[in-house]
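The data block below is protein.txt; it holds compact mmCIF, C-alpha atoms (C1' of nucleotides).
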```txt
# COMPACT_ATOMS: atom_id res chain seq x y z
CA MET A 1 27.15 1.03 12.20
CA LYS A 2 29.31 2.46 14.93
CA LEU A 3 28.95 4.12 18.28
CA THR A 4 29.27 7.90 18.47
CA ARG A 5 32.13 9.29 20.46
CA GLU A 6 29.71 10.92 22.86
CA ALA A 7 28.02 7.63 23.71
CA ASP A 8 31.40 6.02 24.22
CA TYR A 9 32.32 8.72 26.69
CA ALA A 10 28.95 8.48 28.42
CA VAL A 11 29.44 4.82 29.18
CA ARG A 12 32.86 5.47 30.61
CA VAL A 13 31.48 8.23 32.82
CA VAL A 14 28.82 6.01 34.32
CA VAL A 15 31.27 3.15 34.78
CA GLU A 16 33.65 5.47 36.55
CA LEU A 17 30.89 6.58 38.91
CA ALA A 18 29.88 2.99 39.47
CA SER A 19 33.44 2.14 40.43
CA ARG A 20 33.31 4.55 43.36
CA PRO A 21 31.46 4.08 46.66
CA PRO A 22 27.66 3.92 46.14
CA ALA A 23 26.58 7.53 46.57
CA ALA A 24 29.93 9.19 45.91
CA ILE A 25 29.95 12.71 44.52
CA VAL A 26 32.70 13.05 41.96
CA PRO A 27 33.70 16.31 40.29
CA SER A 28 33.61 16.10 36.54
CA ARG A 29 37.22 17.14 36.26
CA ALA A 30 38.29 14.02 38.14
CA ILE A 31 36.29 11.87 35.77
CA ALA A 32 37.71 13.65 32.76
CA GLU A 33 41.26 12.94 33.86
CA GLN A 34 40.61 9.39 34.96
CA GLN A 35 38.85 8.43 31.73
CA GLN A 36 40.83 10.64 29.37
CA ILE A 37 37.82 12.64 28.19
CA PRO A 38 38.25 16.22 26.90
CA GLY A 39 37.10 18.27 29.85
CA ALA A 40 35.03 20.76 27.91
CA PHE A 41 33.28 18.06 25.95
CA LEU A 42 32.44 16.14 29.09
CA ALA A 43 29.90 18.81 30.05
CA LYS A 44 27.81 17.94 27.04
CA VAL A 45 27.89 14.24 27.85
CA VAL A 46 26.95 14.91 31.46
CA CYS A 47 24.03 17.01 30.34
CA GLY A 48 22.62 14.16 28.31
CA LEU A 49 23.04 11.67 31.11
CA ALA A 50 21.38 13.98 33.62
CA ARG A 51 18.48 14.73 31.33
CA ALA A 52 17.87 11.02 30.93
CA GLY A 53 17.81 10.65 34.68
CA LEU A 54 20.77 8.30 34.87
CA ILE A 55 22.93 10.58 36.97
CA ARG A 56 22.31 13.48 39.32
CA THR A 57 24.35 16.66 39.13
CA LEU A 58 25.22 18.83 42.09
CA ARG A 59 26.21 22.38 41.33
CA GLY A 60 28.37 24.77 43.20
CA SER A 61 31.51 24.33 45.16
CA GLY A 62 31.86 20.79 46.40
CA GLY A 63 29.47 19.59 43.73
CA GLY A 64 29.92 16.94 41.10
CA LEU A 65 28.24 13.91 39.61
CA GLN A 66 26.39 11.12 41.32
CA LEU A 67 24.58 8.02 40.16
CA ALA A 68 20.83 8.52 40.32
CA ARG A 69 20.20 4.82 40.79
CA PRO A 70 22.13 1.79 41.98
CA ALA A 71 24.63 0.75 39.32
CA ALA A 72 23.02 -2.66 39.06
CA GLU A 73 19.81 -1.09 37.80
CA THR A 74 21.36 0.75 34.86
CA THR A 75 22.09 -1.19 31.71
CA LEU A 76 24.52 -0.51 28.92
CA ARG A 77 21.61 -0.02 26.54
CA GLN A 78 20.08 2.66 28.74
CA VAL A 79 23.29 4.66 28.73
CA VAL A 80 23.77 4.42 24.98
CA GLU A 81 20.15 5.31 24.24
CA ALA A 82 20.28 8.23 26.65
CA ILE A 83 22.78 9.82 24.30
CA GLU A 84 21.95 8.50 20.86
CA GLY A 85 18.24 7.97 21.21
CA PRO A 86 16.55 4.66 20.44
CA ILE A 87 18.85 2.19 18.72
CA ARG A 88 17.58 1.44 15.25
CA LEU A 89 19.91 -0.41 12.91
CA ASN A 90 18.06 0.75 9.84
CA ARG A 91 15.65 3.47 8.89
CA CYS A 92 12.90 0.98 8.17
CA LEU A 93 13.00 -0.14 11.80
CA ARG A 94 12.37 3.34 13.10
CA GLU A 95 8.78 3.97 12.20
CA PRO A 96 6.71 1.02 11.06
CA GLY A 97 5.44 1.84 7.61
CA ALA A 98 8.26 4.22 6.78
CA CYS A 99 9.46 1.93 4.02
CA PRO A 100 6.95 1.58 1.20
CA LEU A 101 8.45 -1.77 0.30
CA GLN A 102 8.11 -3.19 3.75
CA SER A 103 5.62 -5.83 2.82
CA ARG A 104 7.88 -7.29 0.16
CA CYS A 105 11.31 -6.32 1.45
CA GLN A 106 13.39 -9.40 1.98
CA VAL A 107 16.00 -7.73 4.15
CA HIS A 108 13.66 -6.14 6.65
CA GLY A 109 13.30 -9.30 8.67
CA VAL A 110 17.04 -9.76 8.97
CA TRP A 111 17.65 -6.25 10.24
CA ARG A 112 14.94 -6.67 12.81
CA ARG A 113 16.39 -9.93 14.02
CA VAL A 114 19.93 -8.58 14.27
CA GLN A 115 18.72 -5.52 16.10
CA GLU A 116 16.83 -7.62 18.62
CA LEU A 117 19.98 -9.60 19.21
CA LEU A 118 22.02 -6.46 19.72
CA LEU A 119 19.52 -4.91 22.12
CA ARG A 120 19.27 -8.07 24.14
CA GLU A 121 23.01 -8.12 24.52
CA LEU A 122 23.21 -4.50 25.62
CA ASP A 123 20.32 -5.02 28.03
CA ALA A 124 22.13 -7.87 29.69
CA VAL A 125 25.10 -5.79 30.79
CA THR A 126 24.71 -3.64 33.91
CA MET A 127 26.98 -0.86 35.08
CA ALA A 128 27.67 -2.76 38.28
CA GLU A 129 29.17 -5.63 36.30
CA LEU A 130 31.31 -3.30 34.25
CA ALA A 131 32.57 -1.55 37.37
CA ARG A 132 33.67 -4.88 38.79
CA THR A 133 35.37 -6.02 35.61
CA PRO A 134 39.06 -5.17 35.72
CA GLY A 135 39.16 -4.80 31.96
CA GLU A 136 41.97 -6.67 30.28
CA PRO A 137 44.65 -6.84 32.93
CA ARG A 138 47.95 -6.84 31.15
CA ASP A 139 50.09 -4.54 33.26
CA PRO A 140 49.88 -5.51 36.94
CA ARG A 141 50.81 -1.97 37.94
CA THR A 142 47.91 -0.25 36.24
CA ALA A 143 45.54 -3.04 37.14
CA GLY A 144 46.44 -2.61 40.79
CA ALA A 145 46.13 1.14 40.59
CA SER A 146 42.68 1.12 39.05
CA ALA A 147 41.37 -1.51 41.44
CA GLY A 148 42.92 0.08 44.44
CA ALA A 149 41.73 3.65 43.98
CA PRO A 150 38.70 3.91 46.25
CA ALA A 151 38.92 7.71 46.15
CA GLY A 152 37.64 7.69 49.67
CA SER A 153 37.92 11.43 50.12
CA MET B 1 24.92 2.62 15.73
CA LYS B 2 22.96 2.53 12.52
CA LEU B 3 23.41 1.55 8.92
CA THR B 4 24.11 4.29 6.38
CA ARG B 5 21.52 4.86 3.73
CA GLU B 6 24.01 3.92 1.05
CA ALA B 7 24.66 0.52 2.60
CA ASP B 8 20.96 -0.08 2.93
CA TYR B 9 20.52 0.62 -0.76
CA ALA B 10 23.49 -1.56 -1.65
CA VAL B 11 21.98 -4.57 0.03
CA ARG B 12 18.71 -4.07 -1.78
CA VAL B 13 20.53 -3.79 -5.10
CA VAL B 14 22.33 -7.08 -4.63
CA VAL B 15 19.18 -8.78 -3.39
CA GLU B 16 17.31 -7.54 -6.42
CA LEU B 17 19.99 -8.96 -8.72
CA ALA B 18 19.97 -12.21 -6.81
CA SER B 19 16.24 -12.45 -7.31
CA ARG B 20 16.66 -12.55 -11.10
CA PRO B 21 17.94 -15.44 -13.22
CA PRO B 22 21.58 -16.26 -12.36
CA ALA B 23 23.54 -14.18 -14.88
CA ALA B 24 20.84 -11.65 -15.70
CA ILE B 25 21.89 -8.19 -16.81
CA VAL B 26 19.61 -5.63 -15.27
CA PRO B 27 19.68 -1.90 -16.08
CA SER B 28 20.08 0.22 -13.02
CA ARG B 29 16.91 2.12 -13.79
CA ALA B 30 14.88 -1.05 -13.39
CA ILE B 31 16.50 -1.68 -10.03
CA ALA B 32 15.90 1.87 -8.95
CA GLU B 33 12.21 1.60 -9.67
CA GLN B 34 11.79 -1.84 -8.22
CA GLN B 35 13.59 -1.01 -4.97
CA GLN B 36 12.51 2.62 -4.71
CA ILE B 37 16.05 4.01 -4.80
CA PRO B 38 16.70 7.56 -6.08
CA GLY B 39 18.01 6.92 -9.57
CA ALA B 40 20.82 9.43 -9.43
CA PHE B 41 22.04 8.18 -6.08
CA LEU B 42 22.05 4.60 -7.24
CA ALA B 43 25.08 5.30 -9.42
CA LYS B 44 27.21 5.95 -6.38
CA VAL B 45 26.04 2.77 -4.72
CA VAL B 46 26.74 0.76 -7.84
CA CYS B 47 30.22 2.24 -8.07
CA GLY B 48 31.06 1.02 -4.59
CA LEU B 49 29.69 -2.45 -5.22
CA ALA B 50 31.60 -2.77 -8.48
CA ARG B 51 34.83 -1.56 -6.95
CA ALA B 52 34.50 -4.18 -4.22
CA GLY B 53 34.05 -6.84 -6.90
CA LEU B 54 30.58 -7.86 -5.81
CA ILE B 55 28.88 -6.92 -9.04
CA ARG B 56 29.93 -6.45 -12.63
CA THR B 57 28.84 -3.45 -14.65
CA LEU B 58 28.26 -3.40 -18.38
CA ARG B 59 28.29 -0.03 -20.05
CA GLY B 60 26.53 1.16 -23.12
CA SER B 61 23.17 0.44 -24.57
CA GLY B 62 21.86 -2.89 -23.41
CA GLY B 63 24.19 -2.78 -20.47
CA GLY B 64 23.38 -2.98 -16.81
CA LEU B 65 24.38 -4.72 -13.61
CA GLN B 66 25.24 -8.34 -13.06
CA LEU B 67 26.29 -10.38 -10.06
CA ALA B 68 30.01 -11.12 -10.16
CA ARG B 69 29.58 -14.31 -8.14
CA PRO B 70 26.79 -16.74 -7.31
CA ALA B 71 24.42 -15.16 -4.83
CA ALA B 72 25.09 -17.94 -2.35
CA GLU B 73 28.72 -16.86 -2.08
CA THR B 74 28.03 -13.27 -1.09
CA THR B 75 27.16 -12.53 2.51
CA LEU B 76 25.31 -9.63 4.02
CA ARG B 77 28.47 -8.58 5.81
CA GLN B 78 30.42 -8.40 2.57
CA VAL B 79 27.89 -6.06 1.03
CA VAL B 80 27.75 -3.77 4.02
CA GLU B 81 31.52 -3.62 4.38
CA ALA B 82 31.92 -2.98 0.66
CA ILE B 83 30.20 0.34 1.23
CA GLU B 84 31.01 1.30 4.81
CA GLY B 85 34.39 -0.32 5.22
CA PRO B 86 35.20 -2.69 8.07
CA ILE B 87 32.52 -2.79 10.73
CA ARG B 88 33.88 -1.52 14.03
CA LEU B 89 31.38 -0.76 16.77
CA ASN B 90 33.76 1.52 18.59
CA ARG B 91 36.92 3.45 17.88
CA CYS B 92 38.93 1.33 20.30
CA LEU B 93 38.18 -1.74 18.19
CA ARG B 94 39.61 -0.18 15.06
CA GLU B 95 43.31 -0.10 15.79
CA PRO B 96 44.57 -2.07 18.75
CA GLY B 97 46.29 0.37 21.06
CA ALA B 98 44.33 3.38 19.88
CA CYS B 99 42.81 3.79 23.32
CA PRO B 100 45.37 4.64 26.00
CA LEU B 101 43.10 3.18 28.64
CA GLN B 102 42.75 -0.14 26.92
CA SER B 103 44.52 -2.13 29.60
CA ARG B 104 42.17 -0.92 32.30
CA CYS B 105 39.03 -0.14 30.28
CA GLN B 106 36.17 -2.21 31.58
CA VAL B 107 33.94 -1.66 28.58
CA HIS B 108 36.38 -2.68 25.88
CA GLY B 109 35.69 -6.37 26.31
CA VAL B 110 31.96 -5.89 25.98
CA TRP B 111 32.21 -3.95 22.74
CA ARG B 112 34.45 -6.61 21.29
CA ARG B 113 32.07 -9.36 22.25
CA VAL B 114 29.02 -7.58 20.85
CA GLN B 115 30.84 -6.82 17.64
CA GLU B 116 31.84 -10.45 17.21
CA LEU B 117 28.23 -11.43 17.67
CA LEU B 118 27.08 -8.90 15.11
CA LEU B 119 29.64 -9.94 12.53
CA ARG B 120 28.83 -13.60 12.98
CA GLU B 121 25.19 -12.84 12.35
CA LEU B 122 25.86 -10.84 9.20
CA ASP B 123 28.24 -13.50 7.95
CA ALA B 124 25.57 -16.14 8.27
CA VAL B 125 23.16 -14.51 5.84
CA THR B 126 23.75 -14.99 2.12
CA MET B 127 22.21 -13.07 -0.73
CA ALA B 128 20.70 -16.28 -2.07
CA GLU B 129 18.72 -16.74 1.13
CA LEU B 130 17.50 -13.17 1.05
CA ALA B 131 16.41 -13.50 -2.54
CA ARG B 132 14.30 -16.53 -1.66
CA THR B 133 12.70 -14.91 1.37
CA PRO B 134 9.33 -13.39 0.47
CA GLY B 135 9.73 -10.72 3.13
CA GLU B 136 6.76 -10.26 5.44
CA PRO B 137 3.75 -11.20 3.39
CA ARG B 138 0.88 -9.14 4.71
CA ASP B 139 -0.95 -8.11 1.59
CA PRO B 140 -1.61 -11.18 -0.59
CA ARG B 141 -1.72 -8.98 -3.70
CA THR B 142 1.76 -7.52 -3.32
CA ALA B 143 3.13 -10.81 -2.06
CA GLY B 144 1.86 -12.50 -5.17
CA ALA B 145 3.21 -9.79 -7.43
CA SER B 146 6.70 -9.90 -5.99
CA ALA B 147 6.86 -13.67 -6.04
CA GLY B 148 5.37 -13.93 -9.48
CA ALA B 149 7.52 -11.37 -11.28
CA PRO B 150 10.27 -13.42 -12.86
CA ALA B 151 11.03 -10.54 -15.21
CA GLY B 152 11.68 -13.10 -17.86
CA SER B 153 12.07 -10.58 -20.65
C1' DT C 1 24.93 38.92 54.74
C1' DC C 2 27.95 39.55 50.82
C1' DA C 3 31.72 38.44 47.87
C1' DT C 4 34.19 34.83 45.75
C1' DA C 5 35.40 30.62 43.73
C1' DA C 6 34.12 26.37 41.82
C1' DT C 7 30.86 23.78 39.29
C1' DA C 8 27.28 22.29 35.91
C1' DG C 9 24.16 23.87 32.03
C1' DG C 10 23.29 25.38 27.74
C1' DA C 11 24.39 27.90 23.35
C1' DC C 12 27.48 28.25 19.70
C1' DT C 13 31.10 27.11 16.06
C1' DA C 14 34.10 24.37 13.10
C1' DA C 15 34.82 19.89 10.87
C1' DA C 16 33.49 15.61 8.90
C1' DA C 17 30.44 12.53 6.92
C1' DG C 18 26.18 11.47 4.42
C1' DG C 19 22.98 12.18 0.72
C1' DA C 20 21.96 13.56 -3.64
C1' DT C 21 22.72 15.56 -8.37
C1' DC C 22 24.93 16.65 -12.61
C1' DC C 23 27.91 15.91 -16.35
C1' DT C 24 31.05 12.88 -19.10
C1' DA C 25 32.85 8.60 -21.16
C1' DT C 26 31.53 4.34 -23.24
C1' DT C 27 28.88 0.99 -25.79
C1' DA C 28 25.34 -0.95 -28.84
C1' DC C 29 22.00 -0.31 -32.30
C1' DT C 30 20.38 1.91 -36.66
C1' DA D 1 28.99 7.16 -38.85
C1' DG D 2 25.36 8.98 -36.03
C1' DT D 3 22.31 8.45 -32.21
C1' DA D 4 20.42 6.83 -28.07
C1' DA D 5 21.01 4.55 -23.85
C1' DT D 6 23.85 3.28 -20.02
C1' DA D 7 27.38 3.33 -16.19
C1' DG D 8 31.33 6.13 -14.00
C1' DG D 9 33.12 9.74 -11.77
C1' DA D 10 33.35 14.46 -9.92
C1' DT D 11 30.95 17.83 -7.49
C1' DC D 12 27.73 20.26 -4.39
C1' DC D 13 24.60 20.74 -0.54
C1' DT D 14 22.70 19.09 3.86
C1' DT D 15 22.97 16.80 8.18
C1' DT D 16 25.39 15.05 11.89
C1' DT D 17 29.25 15.07 14.93
C1' DA D 18 33.03 16.84 17.79
C1' DG D 19 34.54 20.27 20.37
C1' DT D 20 34.79 25.04 22.75
C1' DC D 21 33.05 29.00 25.05
C1' DC D 22 30.22 31.61 27.94
C1' DT D 23 26.56 32.00 31.52
C1' DA D 24 23.74 30.62 35.49
C1' DT D 25 23.90 28.47 39.95
C1' DT D 26 25.51 27.03 44.39
C1' DA D 27 28.38 26.39 48.41
C1' DT D 28 32.01 28.37 51.11
C1' DG D 29 34.62 31.90 53.61
C1' DA D 30 35.03 36.60 55.32
```
Would you encode the structure as structure tokens?
Amino acid sequence: MKLTREADYAVRVVVELASRPPAAIVPSRAIAEQQQIPGAFLAKVVCGLARAGLIRTLRGSGGGLQLARPAAETTLRQVVEAIEGPIRLNRCLREPGACPLQSRCQVHGVWRRVQELLLRELDAVTMAELARTPGEPRDPRTAGASAGAPAGS
Amino acid sequence: MKLTREADYAVRVVVELASRPPAAIVPSRAIAEQQQIPGAFLAKVVCGLARAGLIRTLRGSGGGLQLARPAAETTLRQVVEAIEGPIRLNRCLREPGACPLQSRCQVHGVWRRVQELLLRELDAVTMAELARTPGEPRDPRTAGASAGAPAGS
DNA sequence: TCATAATAGGACTAAAAGGATCCTATTACT
DNA sequence: AGTAATAGGATCCTTTTAGTCCTATTATGA
């Protein structure tokens, strides 16, 4: 009933990219430091995101990560599912007919309804919105720093 | 992002008890067969439910399981959390201040909102409601059997 | 053109959690 | 008192998760 660490990181990576200028190429090390992600582990996350087609990777010197599509066209659900696979709250929602009790299981309907609710919520959030959100501004110094770092290299 | 098998079983156990006469004592073997739960594994589930105070267990011959409270007073959330512990979608929602980025993390707010939504939904479903729900009646034969099995032994 | 340095990609390894099973303690019935 | 039936707890194995390391690839500079 909880997000994997990898999916958590993945979302932060995409948000970080979305916070930069549209087609910016950002080295993974910069993202790792900015988002406090273990550098070595980030490679794995990046791999999953690239395989799903959400980001583009550029190798070699001067390379880095780049959004494959406009941030407004990528939803929170897409990022999570790119890492974890399809979101299924319960086993019986994975393959129809997996549960032999399905026809008389009272709980099945509830799980399906809750899952629909969850998916709808995750579908409604785009990376562009998240990039604009300043989080929970408590310290004006950090809030200013994060908003004012265009990384216009 | 998915329910553990044990929690899934736990819900079915409580629903099965709630489907019987109010203070019925049901041997775990009967529940295992009715809900298709591996008999040996059921013991672990039962242990967790009893420890959380949701059910009462009666040892010895003629013993079995019994609801500790009226089914209408137990919610789906209570059963799930009895097994899995507090529901936290993400690590940063567990302990406030666990994430060093919290003040400038754009995603934090979304996770909190989605989690609130999820909890509210699980809180709204009681075991009594689930016991009354006939599931998804597709096969009239099984639907009739489940509805017409009062187990009035 | 070739060597070098920086970068992503994928394979691999430890750690934790999940899933299941067995054995033991307890209770009622004979 | 003996026996059978039942839950409780401890234990083991499997799967998933988290993290690290090494290799392939590419651009840059000589």
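Near chain B, within 7 Å and counting all atoms listed in the file, the residues of chain C are DA20, DT21, DT26, DT27 and DA28 of chain C.
Between atom CA of Asn90 of chain A and atom CA of Ala7 of chain B the interatomic distance comes to 9.8 Å.
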Identify all chain D residues at most 12 Å from chain B by counting all atoms listed in the file; ligands do not count. Present them as an NGL selection string. :D and (3-10)
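Here the question is which of B:Ala18, B:Cys105, B:Leu54, B:Leu122 gets nearest to chain A using all atoms listed in the file, and that residue is B:Cys105.
Taking all atoms listed in the file into account, those protein, DNA and RNA residues with any atom at most 12 Å away from (36.5, 35.3, 52.1) amount to C:DC2, C:DA3, C:DT4, C:DA5, D:DT28, D:DG29, D:DA30.
If you look at atom CA of Asp8 of chain A and atom CA of Leu89 of chain A, they are 17.4 Å away from each other.
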Chain A residues within 6 Å of chain B, counting only C-alpha atoms: which ones, as a ChimeraX atom specification? /A:1-3,89-90,103-106,130,133-137
What is the atom CA of Gly48 of chain A-atom CA of Ala82 of chain A distance in Å, reported with one decimal? 6.6 Å
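Shortest atom-to-atom contact with Arg69 of chain A among A:Ala10, A:Asp123, A:Ile83, A:Leu17: A:Leu17, counting all atoms listed in the file.
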